Each structure stands twice: as C-alpha cells, then as structure tokens.
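Participant: Next up is a structure, given as structure tokens.
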Amino acid sequence: MAEKVQVNYKSLKEIGAKFNTQTVKTIAQIKKIDQILQNLKKGGWVSDNANDFYRYMDNILLMRMHHLARALERSSLAMEQIAYVMHQAEEFASDSIKEHMVGNQ
C-alpha cells in the first residue's frame with residue numbers, strides 16, 4: 001500500500017518566513033546587547049564583578065545567541081529546500097504518469 005504524502009506549500013513558506021523574521025530579530029538583539037556591553041566596557045562599569053559579567057556575556061550568552069540565529073537561519077533555508085524537493089518530486093511523478101499513459105495508448 002502506497003503512503004500518502006501531502007505538502008502545504010503556503011504553510012512551508014509561512015513557517016520559513018517566521019524563522020527568517022526571528023533570525024532578523026535575534027541578530028538585532030545581539031547587536032543591541034553588544035553595543036550596550038561595549039559602552040559599559042569603556043568605563044560604564046568597572047569592577048571585578050563587571051569583568052565576570054563581561055566574560056559571561058561574551059563567552060556564553062552572546063555565543064549562544066549567535067548559535068540560535070544560525071539555527072533559525074538554517075531552519076528558514078530548510079523550509080525552502082523542503083518545498084523545492086517536494087515540488088521536484090511532484091513534477092517527476094506527474095511526468096512519469098504522463099509518459100506511462102502516452103506509452104499505453
């Protein structure tokens with residue numbers, strides 16, 4: 001028994017767009033946080049605790065936010081690739097059926 005596969009291209013496009021929107025927002029937040037940190041590092045906050053905070057922000061938080069932005073971007077691209085592959089499979093199946101029908105006439 002053949003399995004049924006359905007693709008909602010509109011939904012894939014919408015999901016991809018949402019991933020892309022979140023990528024843009026995440027990158028904007030990274031830039032905003034980094035700008036604030038740079039201002040603090042230029043004398044806005046000087047202490048041992050400040051240095052610990054800066055290390056944490058630079059080495060953990062911002063690094064993880066960059067990972068998140070890359071994952072969101074890859075997810076957006078994956079939605080595009082899924083839609084493309086499924087469209088190609090539909091075209092191939094349609095062409096195969098048409099060829100088979102013409103060959104049997």
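Following the order of the structure tokens, chains are lettered A, B, ..., residues in each are numbered from 1, and ligands are numbered from 1.
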Can you pull out every residue within 10 Å of Arg70 (chain A), counting only C-alpha atoms, but drop anything in the same chain fewer than 5 positions away, and send it as a PyMOL selection string?

Facilitator: chain A and resi 23+26-27+64-65+75-76

Participant: Suppose we keep C-alpha atoms; can you now write the selection as a compact mmCIF listing (two decimals), in the first residue's frame?

Facilitator:
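Wrote it out as again-v3.txt, contents follow:
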# COMPACT_ATOMS: atom_id res chain seq x y z
CA THR A 23 16.58 35.40 12.72
CA THR A 26 17.73 37.78 17.14
CA ILE A 27 20.56 39.43 15.21
CA ARG A 64 24.58 31.08 22.36
CA MET A 65 22.55 33.84 20.76
CA SER A 75 15.58 26.36 9.61
CA SER A 76 14.31 29.01 7.23

Participant: Contacts of Asp58 (chain A) at 12 Å or less, counting only C-alpha atoms, minus same-chain residues fewer than 6 places along, as a VMD selection string?

Facilitator: chain A and resid 30 33 to 38 41 51 to 52 64 to 66

Participant: Measuring atom to atom with only C-alpha atoms, identify which of A:Ser47, A:Ala83, A:Lys42, A:Phe19 is nearest to Gln6 (chain A).

Facilitator: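 Nearest to Gln6 (chain A): A:Ala83.
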
Participant: Determine which residues of region 1-47 of chain A DSSP labels as alpha helix (DSSP H) from the backbone of this structure, then write them out as a ChimeraX atom specification.

Facilitator: /A:9-39

Participant: If I take CA of Met57 (chain A) and CA of Lys25 (chain A), how far is one from the other in Å, to one decimal?

Facilitator: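 These two atoms are separated by 18.4 Å.
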
Participant: What's around Leu12 (chain A) at 12 Å? Count only C-alpha atoms, leave out sequence neighbours fewer than 2 positions away in its own chain, and write the answer as a PyMOL selection string.

Facilitator: chain A and resi 6-10+14-19+75-84+86-87

Participant: Write out the residues from the selection above, keeping C-alpha atoms, as a compact mmCIF listing (two decimals), in the first residue's frame.

Facilitator:
# COMPACT_ATOMS: atom_id res chain seq x y z
CA GLN A 6 0.82 15.97 1.10
CA VAL A 7 2.64 19.27 1.14
CA ASN A 8 1.12 22.61 2.02
CA TYR A 9 3.45 24.98 0.21
CA LYS A 10 1.79 28.05 1.67
CA GLU A 14 4.87 30.98 6.14
CA ILE A 15 6.95 28.88 8.54
CA GLY A 16 10.12 29.77 6.66
CA ALA A 17 9.19 33.45 6.82
CA LYS A 18 8.62 33.20 10.58
CA PHE A 19 12.03 31.60 11.04
CA SER A 75 15.58 26.36 9.61
CA SER A 76 14.31 29.01 7.23
CA LEU A 77 16.50 27.63 4.45
CA ALA A 78 15.36 24.10 5.26
CA MET A 79 11.73 25.10 4.70
CA GLU A 80 12.68 26.43 1.26
CA GLN A 81 14.60 23.25 0.46
CA ILE A 82 11.73 21.02 1.57
CA ALA A 83 9.32 22.91 -0.66
CA TYR A 84 11.73 22.71 -3.59
CA MET A 86 8.70 18.17 -2.82
CA HIS A 87 7.83 20.27 -5.87

Participant: Smallest atom-to-atom distance to Ala28 (chain A): which of A:Phe53, A:Ser11, A:Leu62, A:Ala2, using only C-alpha atoms?

Facilitator: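 Closest to Ala28 (chain A) of all the choices is A:Leu62.
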
Participant: Could you check how far CA of Ser96 (chain A) sits from CA of Val5 (chain A), in Å to one decimal?

Facilitator: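 Spanning CA of Ser96 (chain A) to CA of Val5 (chain A) is a straight-line distance of 16.9 Å.
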